[in-house]
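Raw input.txt, compact mmCIF, C-alpha atoms:
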# COMPACT_ATOMS: atom_id res chain seq x y z
CA MET A 1 11.18 23.03 17.68
CA ASN A 2 13.98 20.42 17.79
CA CYS A 3 14.79 17.58 15.34
CA ASP A 4 12.76 14.91 17.19
CA GLU A 5 9.75 17.19 17.41
CA LEU A 6 9.97 18.01 13.71
CA LYS A 7 10.09 14.33 12.72
CA SER A 8 7.20 13.44 15.01
CA CYS A 9 4.96 16.14 13.55
CA ALA A 10 6.06 15.85 9.88
CA TYR A 11 3.02 13.67 9.12
CA ASN A 12 0.63 16.34 10.46
CA TYR A 13 2.57 19.09 8.66
CA PHE A 14 2.07 17.46 5.28
CA GLU A 15 -1.56 16.66 6.05
CA SER A 16 -2.08 20.38 6.96
CA GLN A 17 -3.05 19.48 10.50
CA LEU A 18 -0.64 21.75 12.39
CA SER A 19 -1.55 25.07 13.96
CA GLU A 20 -0.15 28.14 12.22
CA GLU A 21 2.32 28.57 15.01
CA ALA A 22 3.57 24.97 14.86
CA ARG A 23 3.71 25.17 11.09
CA ALA A 24 5.92 28.24 11.22
CA ALA A 25 8.19 26.56 13.79
CA PHE A 26 8.41 23.45 11.59
CA GLU A 27 9.43 25.51 8.53
CA ALA A 28 11.89 27.64 10.48
CA HIS A 29 13.63 24.58 11.92
CA SER A 30 13.75 22.74 8.57
CA GLU A 31 15.37 25.79 6.93
CA GLU A 32 18.12 26.15 9.51
CA CYS A 33 18.83 22.48 10.37
CA ALA A 34 21.35 20.52 8.25
CA ASP A 35 19.63 17.21 9.15
CA CYS A 36 15.98 18.19 8.96
CA GLY A 37 16.26 20.27 5.77
CA PRO A 38 17.11 17.23 3.58
CA PHE A 39 14.53 15.13 5.48
CA VAL A 40 11.75 17.59 4.63
CA ALA A 41 12.99 17.82 1.04
CA ILE A 42 12.67 14.02 0.72
CA CYS A 43 9.16 14.20 2.17
CA ARG A 44 8.26 16.74 -0.52
CA GLU A 45 9.71 14.64 -3.37
CA ILE A 46 7.02 11.98 -3.49
CA THR A 47 3.93 11.04 -1.47
CA CYS A 48 2.99 7.56 -0.30
CA GLU A 49 0.11 7.71 -2.80
CA LYS A 50 2.38 8.42 -5.78
CA LEU A 51 4.87 5.78 -4.67
CA THR A 52 2.10 3.18 -4.52
CA GLU A 53 0.80 4.22 -7.93
CA PHE A 54 4.10 3.32 -9.59
CA LEU A 55 5.02 0.49 -7.26
CA ASP A 56 4.83 -2.20 -9.96
CA ASP A 57 7.51 -0.38 -11.96
CA TYR A 58 9.68 -0.08 -8.85
CA VAL A 59 9.31 -3.76 -7.91
CA ASP A 60 10.04 -4.81 -11.52
CA ASP A 61 13.03 -2.44 -11.60
CA HIS A 62 11.58 -0.55 -14.56
CA LEU A 63 12.06 2.94 -13.13
CA PRO A 64 14.70 5.30 -14.47
CA ALA A 65 17.62 5.55 -12.02
CA GLU A 66 16.71 9.06 -10.88
CA ARG A 67 13.11 8.07 -10.13
CA LYS A 68 14.23 4.91 -8.39
CA ALA A 69 16.48 6.97 -6.14
CA VAL A 70 13.47 9.15 -5.19
CA PHE A 71 11.55 5.99 -4.24
CA GLU A 72 14.44 4.72 -2.16
CA ARG A 73 14.89 8.00 -0.32
CA HIS A 74 11.19 7.91 0.55
CA LEU A 75 11.40 4.28 1.72
CA ALA A 76 14.35 5.18 3.95
CA ILE A 77 12.10 7.48 5.99
CA CYS A 78 8.62 5.90 5.61
CA ASP A 79 7.92 2.69 7.56
CA GLU A 80 4.38 2.57 6.19
CA CYS A 81 5.56 2.38 2.59
CA VAL A 82 8.23 -0.16 3.54
CA ALA A 83 5.46 -2.36 4.99
CA TYR A 84 3.30 -1.84 1.90
CA VAL A 85 6.10 -2.64 -0.56
CA ARG A 86 6.98 -5.79 1.40
CA SER A 87 3.38 -7.03 1.44
CA TYR A 88 3.03 -6.23 -2.29
CA ARG A 89 6.16 -8.25 -3.09
CA ILE A 90 4.92 -11.19 -0.97
CA THR A 91 1.54 -11.05 -2.72
CA ARG A 92 3.30 -11.20 -6.10
CA SER A 93 5.43 -14.17 -5.09
CA LEU A 94 2.45 -16.05 -3.64
CA THR A 95 0.47 -15.45 -6.83
CA GLU A 96 3.33 -16.56 -9.07
CA ALA A 97 3.77 -19.68 -6.92
CA GLN A 98 0.26 -20.76 -7.98
CA SER A 99 1.72 -21.75 -11.34
CA GLY A 100 4.08 -24.36 -9.88
CA ASP A 101 3.68 -27.99 -8.82
CA LEU A 102 0.81 -28.99 -11.06
CA PRO A 103 -0.91 -32.21 -10.10
CA PRO A 104 -0.56 -34.94 -12.74
CA TYR A 105 -3.50 -35.00 -15.13
CA LYS A 106 -4.68 -37.89 -17.25
CA ILE A 107 -7.19 -36.82 -19.83
CA PRO A 108 -10.51 -38.66 -19.29
CA ALA A 109 -11.11 -41.29 -21.97
CA ASP A 110 -14.43 -39.71 -22.99
CA LEU A 111 -12.84 -36.29 -23.54
CA LEU A 112 -9.98 -37.82 -25.53
CA GLY A 113 -12.50 -39.76 -27.59
CA ALA A 114 -14.64 -36.64 -28.14
CA ILE A 115 -11.66 -34.61 -29.40
CA LEU A 116 -10.51 -37.37 -31.75
CA ALA A 117 -14.08 -37.87 -33.03
CA ALA A 118 -14.58 -34.11 -33.54
CA ARG A 119 -11.32 -33.97 -35.48
CA LYS A 120 -12.48 -36.71 -37.84
CA LYS A 121 -15.75 -34.84 -38.43
CA ALA A 122 -13.99 -31.53 -39.08
CA MET B 1 11.31 -27.11 -30.22
CA SER B 2 12.16 -30.18 -28.16
CA PRO B 3 13.32 -33.39 -29.90
CA VAL B 4 9.90 -34.93 -29.12
CA GLU B 5 8.15 -32.03 -30.82
CA THR B 6 10.50 -32.19 -33.80
CA THR B 7 9.43 -35.77 -34.46
CA LEU B 8 5.78 -35.22 -33.52
CA LEU B 9 5.11 -32.27 -35.81
CA PRO B 10 5.73 -34.03 -39.16
CA ARG B 11 3.56 -36.95 -38.02
CA LEU B 12 0.76 -34.53 -37.12
CA LEU B 13 1.06 -32.78 -40.46
CA ALA B 14 0.87 -36.18 -42.16
CA GLY B 15 -2.43 -36.77 -40.35
CA GLU B 16 -1.21 -39.71 -38.31
CA GLU B 17 -3.91 -40.73 -35.82
CA THR B 18 -1.50 -41.90 -33.11
CA ALA B 19 0.31 -38.57 -33.30
CA PHE B 20 -2.90 -36.69 -32.48
CA ARG B 21 -3.54 -39.00 -29.57
CA GLU B 22 0.02 -38.45 -28.35
CA LEU B 23 -0.34 -34.67 -28.71
CA ILE B 24 -3.55 -34.63 -26.71
CA GLU B 25 -2.26 -36.93 -23.98
CA THR B 26 0.93 -34.89 -23.64
CA TYR B 27 -0.52 -31.39 -23.55
CA ALA B 28 -4.14 -31.69 -22.33
CA GLY B 29 -3.12 -31.46 -18.66
CA ARG B 30 -1.41 -28.09 -18.92
CA MET B 31 -4.23 -26.79 -21.11
CA MET B 32 -6.87 -27.97 -18.62
CA VAL B 33 -5.10 -26.10 -15.84
CA VAL B 34 -5.32 -22.73 -17.58
CA ALA B 35 -8.89 -23.38 -18.75
CA ARG B 36 -9.99 -24.35 -15.23
CA ARG B 37 -8.35 -21.28 -13.74
CA ILE B 38 -10.11 -18.96 -16.15
CA LEU B 39 -13.51 -20.66 -16.26
CA ARG B 40 -13.79 -22.22 -12.78
CA SER B 41 -16.01 -24.97 -14.20
CA GLU B 42 -14.79 -28.47 -15.06
CA GLN B 43 -17.31 -28.93 -17.88
CA ASP B 44 -16.57 -25.54 -19.46
CA ALA B 45 -12.84 -26.17 -19.14
CA GLU B 46 -13.14 -29.51 -20.93
CA ASP B 47 -15.18 -27.84 -23.68
CA ALA B 48 -12.55 -25.11 -24.01
CA VAL B 49 -9.73 -27.68 -24.24
CA GLN B 50 -11.65 -29.55 -26.92
CA ASP B 51 -12.19 -26.29 -28.85
CA ALA B 52 -8.52 -25.46 -28.40
CA PHE B 53 -7.28 -28.77 -29.82
CA LEU B 54 -9.59 -28.52 -32.82
CA SER B 55 -8.52 -24.94 -33.45
CA ALA B 56 -4.85 -25.92 -33.06
CA LEU B 57 -5.16 -28.86 -35.43
CA ARG B 58 -6.85 -26.62 -38.03
CA SER B 59 -3.99 -24.13 -37.88
CA LEU B 60 -1.17 -26.60 -37.40
CA GLU B 61 0.25 -25.85 -40.84
CA SER B 62 0.71 -22.22 -39.84
CA PHE B 63 2.66 -23.18 -36.69
CA GLU B 64 6.04 -21.64 -37.37
CA GLY B 65 7.94 -23.16 -34.49
CA LYS B 66 8.87 -19.74 -33.08
CA SER B 67 7.84 -21.02 -29.64
CA SER B 68 7.57 -24.57 -28.38
CA LEU B 69 4.49 -26.57 -29.31
CA GLY B 70 3.55 -26.61 -25.61
CA THR B 71 3.73 -22.81 -25.34
CA TRP B 72 1.71 -22.40 -28.53
CA LEU B 73 -0.99 -24.83 -27.31
CA HIS B 74 -1.09 -23.03 -23.97
CA ARG B 75 -1.87 -19.78 -25.79
CA VAL B 76 -4.51 -21.48 -27.90
CA ALA B 77 -6.14 -22.93 -24.76
CA THR B 78 -6.04 -19.50 -23.08
CA ASN B 79 -7.80 -18.00 -26.12
CA ALA B 80 -10.42 -20.75 -26.15
CA ALA B 81 -11.14 -20.31 -22.43
CA LEU B 82 -11.40 -16.53 -22.76
CA MET B 83 -13.77 -16.90 -25.71
CA LYS B 84 -15.96 -19.17 -23.62
CA LEU B 85 -15.83 -16.68 -20.76
CA ARG B 86 -16.89 -13.85 -23.07
CA ALA B 87 -19.81 -15.94 -24.30
CA ARG B 88 -21.21 -16.11 -20.76
CA PRO B 89 -23.77 -13.49 -19.79
CA ARG B 90 -21.60 -10.54 -18.90
CA GLY B 91 -21.96 -9.00 -15.48
CA ARG B 92 -21.14 -5.35 -15.18
CA GLU B 93 -17.47 -4.45 -14.77
CA VAL B 94 -16.92 -4.27 -11.05
CA GLU B 95 -14.58 -1.74 -9.50
CA LEU B 96 -12.39 -2.57 -6.57
CA GLY B 97 -13.64 0.04 -4.12
CA ASP B 98 -12.50 -0.83 -0.62
CA LEU B 99 -9.75 -3.15 -1.84
CA LEU B 100 -7.53 -0.31 -3.04
CA PRO B 101 -5.50 1.75 -0.56
CA GLU B 102 -6.95 5.11 0.43
CA TYR B 103 -4.96 8.28 1.04
CA LYS B 104 -5.40 11.51 2.94
CA SER B 105 -5.21 14.83 1.12
CA GLY B 106 -1.46 15.01 1.84
CA GLY B 107 -0.90 11.59 0.23
CA HIS B 108 -0.42 9.51 3.40
CA HIS B 109 -2.13 6.15 3.91
CA VAL B 110 -5.50 6.44 5.66
CA ASP B 111 -4.93 3.02 7.24
CA PRO B 112 -1.24 2.42 7.95
CA PRO B 113 -0.24 -0.83 6.18
CA LYS B 114 0.40 -3.75 8.53
CA HIS B 115 3.76 -5.47 8.67
CA TRP B 116 3.65 -8.93 7.07
CA GLU B 117 5.46 -11.85 8.68
CA ASP B 118 7.91 -14.03 6.75
CA LEU B 119 6.17 -16.85 4.94
CA PRO B 120 6.05 -20.19 6.80
CA GLU B 121 8.66 -22.80 5.84
CA ASP B 122 6.57 -25.77 6.98
CA PRO B 123 5.18 -27.50 3.85
CA LEU B 124 1.78 -28.03 5.47
CA CYS B 125 1.44 -24.34 6.34
CA ARG B 126 2.68 -23.43 2.85
CA GLN B 127 0.00 -25.62 1.31
CA GLU B 128 -2.67 -23.95 3.46
CA LEU B 129 -1.38 -20.59 2.31
CA THR B 130 -1.40 -21.67 -1.34
CA ASP B 131 -5.02 -22.76 -0.92
CA LEU B 132 -5.90 -19.47 0.78
CA VAL B 133 -4.34 -17.45 -2.05
CA ARG B 134 -6.34 -19.45 -4.61
CA VAL B 135 -9.58 -18.72 -2.72
CA LYS B 136 -8.75 -15.02 -2.46
CA ILE B 137 -7.88 -14.77 -6.17
CA ASP B 138 -11.32 -16.21 -6.88
CA GLU B 139 -12.88 -13.45 -4.75
CA LEU B 140 -11.52 -10.73 -7.06
CA PRO B 141 -13.94 -9.14 -9.52
CA GLU B 142 -13.80 -11.09 -12.79
CA ASN B 143 -12.04 -8.43 -14.91
CA TYR B 144 -9.24 -8.13 -12.33
CA ARG B 145 -9.08 -11.86 -11.59
CA ILE B 146 -8.44 -12.69 -15.25
CA ALA B 147 -5.78 -9.97 -15.66
CA LEU B 148 -3.94 -11.27 -12.59
CA ILE B 149 -4.13 -14.92 -13.70
CA LEU B 150 -2.85 -14.17 -17.19
CA ARG B 151 0.04 -11.99 -16.03
CA ASP B 152 1.24 -13.47 -12.75
CA ILE B 153 0.23 -17.13 -13.00
CA GLU B 154 0.18 -17.92 -16.71
CA GLY B 155 3.18 -15.69 -17.34
CA LEU B 156 1.89 -13.62 -20.27
CA SER B 157 3.59 -10.27 -20.79
CA THR B 158 1.59 -7.10 -20.12
CA ALA B 159 1.40 -6.54 -23.89
CA GLU B 160 0.01 -10.06 -24.39
CA VAL B 161 -2.54 -9.50 -21.61
CA SER B 162 -3.62 -6.27 -23.30
CA ILE B 163 -4.29 -8.14 -26.55
CA GLN B 164 -6.20 -10.93 -24.81
CA LEU B 165 -8.34 -8.47 -22.84
CA GLU B 166 -8.74 -6.00 -25.71
CA LEU B 167 -7.22 -3.16 -23.68
CA THR B 168 -4.45 -0.69 -24.35
CA VAL B 169 -1.12 -1.73 -22.84
CA GLY B 170 -1.43 1.13 -20.34
CA ALA B 171 -4.92 0.07 -19.24
CA ALA B 172 -3.79 -3.56 -18.90
CA LYS B 173 -0.84 -2.45 -16.77
CA VAL B 174 -3.09 -0.46 -14.44
CA ARG B 175 -5.56 -3.33 -14.19
CA ILE B 176 -2.83 -5.84 -13.29
CA HIS B 177 -1.35 -3.50 -10.67
CA ARG B 178 -4.78 -2.87 -9.10
CA ALA B 179 -5.55 -6.59 -9.09
CA ARG B 180 -2.32 -7.21 -7.16
CA GLN B 181 -3.18 -4.43 -4.72
CA ALA B 182 -6.66 -5.84 -4.23
CA LEU B 183 -5.33 -9.34 -3.62
CA ARG B 184 -2.86 -7.85 -1.13
CA ALA B 185 -5.81 -6.28 0.70
CA LEU B 186 -7.70 -9.60 0.76
CA LEU B 187 -4.65 -11.40 2.18
CA ASP B 188 -3.84 -8.64 4.67
CA PRO B 189 -6.15 -9.88 7.49
CA HIS B 190 -4.44 -13.29 7.26
CA LEU B 191 -0.80 -12.29 6.85
CA GLY B 192 -0.50 -8.86 8.45
CA LYS B 193 0.03 -8.14 12.09
CA SER B 194 -1.14 -4.86 13.54
CA ASN B 195 1.79 -2.54 14.07
CA ARG B 196 0.03 0.23 15.94
Since I need it in another form, could you write the structure as structure tokens?
Amino acid sequence: MNCDELKSCAYNYFESQLSEEARAAFEAHSEECADCGPFVAICREITCEKLTEFLDDYVDDHLPAERKAVFERHLAICDECVAYVRSYRITRSLTEAQSGDLPPYKIPADLLGAILAARKKA
Amino acid sequence: MSPVETTLLPRLLAGEETAFRELIETYAGRMMVVARRILRSEQDAEDAVQDAFLSALRSLESFEGKSSLGTWLHRVATNAALMKLRARPRGREVELGDLLPEYKSGGHHVDPPKHWEDLPEDPLCRQELTDLVRVKIDELPENYRIALILRDIEGLSTAEVSIQLELTVGAAKVRIHRARQALRALLDPHLGKSNR
């Protein structure tokens, strides 16, 4: 197995979808290759599922530095999580934008009157 | 407190009628907005704003000026709207099901997330998008919709949301995060482009 082959079948390796033979070749290459060893180690650090679970803390920059570095190593190799984080951030900004630009509001005379009358009664 | 509030407060405490009118005319708009968002009914929102003003006027003497009068009234209106919401016949708490991402046993996404385009700059397109987001927020199950509104639109802290929703801070945090994920899923067909 070479480096390109390892990277293309990493997904299936971690989803236990490789044959025994391919699995052994994957592990042998990752142990002896100076590039693929760290790549596989990053893959083992955190899954997409765990990253998504704590994504709010990452986006709000509330993660401890060490944990944040784990997230960033994962994002450097996972296009799917990069796409998810981006869409999550856009969703947040679109939601927060709902609070801006309020249309002017003039309280209806009957509601104003009702509040003032209720106050006198109280 | 702003200079306006500094002069308004003593007049309110003295029971001056024109001061109450001024207070209502100044702050009713912002209070209506939060009540409408929570209750989605004009009549109920007006009732909540009325309740909020009466409640605020009753407790005016205890207003300590730690926040602005506007911020305080906003909180009071939020409380009044949530009380009205709780008084409605309660549907069962709905879970988000398909709106949360699913993962394979190895922790990878079942459906690879789509890449989202940059947001449009054109004001008309932006307005359409704003309207779409509002519609999609309204499609969220009630318990998630309210958590999202309070945190991301009304700007309450997670701790404040937890108090309003009678949840632990941890549970409120999870609910807010899931609400954002669910809204992301509802917007995905409109903003995502297939990348596979």
Interatomic distance (Å, one decimal) between CA of Ile24 (chain B) and CA of Val49 (chain B): 9.6 Å
Test item: chain A residues at most 7 Å from chain B, counting only C-alpha atoms, as an MDAnalysis selection string: chainID A and resid 14:15 47:49 56 80 83:84 87:88 91:92 95:96 98:99 105:107 115 119
Can I get the selection written as a tab-separated table (two decimals), in the coordinates of the input, with C-alpha atoms?
chain	number	residue	atom	x	y	z
A	14	PHE	CA	2.07	17.46	5.28
A	15	GLU	CA	-1.56	16.66	6.05
A	47	THR	CA	3.93	11.04	-1.47
A	48	CYS	CA	2.99	7.56	-0.30
A	49	GLU	CA	0.11	7.71	-2.80
A	56	ASP	CA	4.83	-2.20	-9.96
A	80	GLU	CA	4.38	2.57	6.19
A	83	ALA	CA	5.46	-2.36	4.99
A	84	TYR	CA	3.30	-1.84	1.90
A	87	SER	CA	3.38	-7.03	1.44
A	88	TYR	CA	3.03	-6.23	-2.29
A	91	THR	CA	1.54	-11.05	-2.72
A	92	ARG	CA	3.30	-11.20	-6.10
A	95	THR	CA	0.47	-15.45	-6.83
A	96	GLU	CA	3.33	-16.56	-9.07
A	98	GLN	CA	0.26	-20.76	-7.98
A	99	SER	CA	1.72	-21.75	-11.34
A	105	TYR	CA	-3.50	-35.00	-15.13
A	106	LYS	CA	-4.68	-37.89	-17.25
A	107	ILE	CA	-7.19	-36.82	-19.83
A	115	ILE	CA	-11.66	-34.61	-29.40
A	119	ARG	CA	-11.32	-33.97	-35.48
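Using all atoms listed in the file, the smallest distance between any of A:Leu55, A:Cys78, A:Ala65, A:Cys36 and Tyr11 (chain A) comes from A:Cys78.
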Nearest to Arg73 (chain A), chosen from A:Cys43, A:Leu94, A:Ala118, A:Leu18, with all atoms listed in the file counted in the distances: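 Using all atoms listed in the file, Arg73 (chain A) sits closest to A:Cys43.
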Minimum-distance residue to Pro189 (chain B), chosen among B:Leu85, B:Lys136, B:Glu16, B:Glu160 (using all atoms listed in the file):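 Counting all atoms listed in the file, the residue closest to Pro189 (chain B) is B:Lys136.
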d(CA of Glu45 (chain A), CA of Ala69 (chain A)) in Å: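 We find that CA of Glu45 (chain A) and CA of Ala69 (chain A) lie 10.6 Å from each other.
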8 Å contact set for Asp35 (chain A), all atoms listed in the file, chain neighbours under 3 positions out, as a list in words: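 Contacts, in chain order: Cys3, Pro38 and Phe39 of chain A.
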Nearest candidate to Ser62 (chain B) (options B:Ala147, B:Leu13, B:Leu100, B:Val161; using all atoms listed in the file):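 Of all the options, B:Leu13 lies closest to Ser62 (chain B).
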One-decimal distance in Å that lies between CA of Ala48 (chain B) and CA of Ala80 (chain B):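 Separation of CA of Ala80 (chain B) and CA of Ala48 (chain B): 5.3 Å.
Minimum distance to Ala81 (chain B) across B:Ile38, B:Leu156, B:Cys125, B:Leu8 (counting all atoms listed in the file) occurs at B:Ile38.
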Nearest-residue call for Gly37 (chain A), choices A:Glu72, A:Val82, A:Leu6, A:Lys121, using all atoms listed in the file: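 Checking each candidate against Gly37 (chain A), we get A:Leu6 as the closest.
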Contacts of Ala56 (chain B) within 9 Å, all atoms listed in the file, excl. fewer than 6 positions in-chain, as JSON, numbers by chain: {"B": [63, 72, 73, 76, 77]}
Starting from the incomplete input, reconstruct N, CA, C and O atoms of region 154-166 of chain B and write that as a PDB file, keeping the file's coordinate frame.
ATOM      1  N   GLU B 154      -0.072 -17.310 -15.399  1.00  0.00           N
ATOM      2  CA  GLU B 154       0.180 -17.920 -16.710  1.00  0.00           C
ATOM      3  C   GLU B 154       1.401 -17.312 -17.397  1.00  0.00           C
ATOM      4  O   GLU B 154       1.853 -17.813 -18.423  1.00  0.00           O
ATOM      5  N   GLY B 155       1.900 -16.216 -16.863  1.00  0.00           N
ATOM      6  CA  GLY B 155       3.180 -15.690 -17.340  1.00  0.00           C
ATOM      7  C   GLY B 155       3.130 -14.935 -18.657  1.00  0.00           C
ATOM      8  O   GLY B 155       4.160 -14.768 -19.310  1.00  0.00           O
ATOM      9  N   LEU B 156       1.942 -14.450 -19.061  1.00  0.00           N
ATOM     10  CA  LEU B 156       1.890 -13.620 -20.270  1.00  0.00           C
ATOM     11  C   LEU B 156       2.535 -12.264 -19.961  1.00  0.00           C
ATOM     12  O   LEU B 156       2.529 -11.821 -18.810  1.00  0.00           O
ATOM     13  N   SER B 157       3.057 -11.618 -20.996  1.00  0.00           N
ATOM     14  CA  SER B 157       3.590 -10.270 -20.790  1.00  0.00           C
ATOM     15  C   SER B 157       2.406  -9.306 -20.689  1.00  0.00           C
ATOM     16  O   SER B 157       1.279  -9.648 -21.071  1.00  0.00           O
ATOM     17  N   THR B 158       2.675  -8.095 -20.209  1.00  0.00           N
ATOM     18  CA  THR B 158       1.590  -7.100 -20.120  1.00  0.00           C
ATOM     19  C   THR B 158       1.013  -6.827 -21.510  1.00  0.00           C
ATOM     20  O   THR B 158      -0.198  -6.685 -21.671  1.00  0.00           O
ATOM     21  N   ALA B 159       1.883  -6.781 -22.523  1.00  0.00           N
ATOM     22  CA  ALA B 159       1.400  -6.540 -23.890  1.00  0.00           C
ATOM     23  C   ALA B 159       0.483  -7.676 -24.341  1.00  0.00           C
ATOM     24  O   ALA B 159      -0.566  -7.439 -24.964  1.00  0.00           O
ATOM     25  N   GLU B 160       0.859  -8.912 -24.007  1.00  0.00           N
ATOM     26  CA  GLU B 160       0.010 -10.060 -24.390  1.00  0.00           C
ATOM     27  C   GLU B 160      -1.333 -10.008 -23.645  1.00  0.00           C
ATOM     28  O   GLU B 160      -2.382 -10.315 -24.223  1.00  0.00           O
ATOM     29  N   VAL B 161      -1.287  -9.622 -22.377  1.00  0.00           N
ATOM     30  CA  VAL B 161      -2.540  -9.500 -21.610  1.00  0.00           C
ATOM     31  C   VAL B 161      -3.434  -8.444 -22.263  1.00  0.00           C
ATOM     32  O   VAL B 161      -4.646  -8.623 -22.398  1.00  0.00           O
ATOM     33  N   SER B 162      -2.822  -7.351 -22.698  1.00  0.00           N
ATOM     34  CA  SER B 162      -3.620  -6.270 -23.300  1.00  0.00           C
ATOM     35  C   SER B 162      -4.327  -6.758 -24.563  1.00  0.00           C
ATOM     36  O   SER B 162      -5.477  -6.398 -24.808  1.00  0.00           O
ATOM     37  N   ILE B 163      -3.655  -7.605 -25.329  1.00  0.00           N
ATOM     38  CA  ILE B 163      -4.290  -8.140 -26.550  1.00  0.00           C
ATOM     39  C   ILE B 163      -5.436  -9.072 -26.166  1.00  0.00           C
ATOM     40  O   ILE B 163      -6.544  -8.981 -26.683  1.00  0.00           O
ATOM     41  N   GLN B 164      -5.175  -9.970 -25.218  1.00  0.00           N
ATOM     42  CA  GLN B 164      -6.200 -10.930 -24.810  1.00  0.00           C
ATOM     43  C   GLN B 164      -7.441 -10.231 -24.250  1.00  0.00           C
ATOM     44  O   GLN B 164      -8.562 -10.677 -24.453  1.00  0.00           O
ATOM     45  N   LEU B 165      -7.218  -9.145 -23.510  1.00  0.00           N
ATOM     46  CA  LEU B 165      -8.340  -8.470 -22.840  1.00  0.00           C
ATOM     47  C   LEU B 165      -8.867  -7.275 -23.640  1.00  0.00           C
ATOM     48  O   LEU B 165      -9.744  -6.552 -23.168  1.00  0.00           O
ATOM     49  N   GLU B 166      -8.313  -7.084 -24.828  1.00  0.00           N
ATOM     50  CA  GLU B 166      -8.740  -6.000 -25.710  1.00  0.00           C
ATOM     51  C   GLU B 166      -8.646  -4.642 -24.987  1.00  0.00           C
ATOM     52  O   GLU B 166      -9.607  -3.873 -24.947  1.00  0.00           O
TER      53      GLU B 166
END
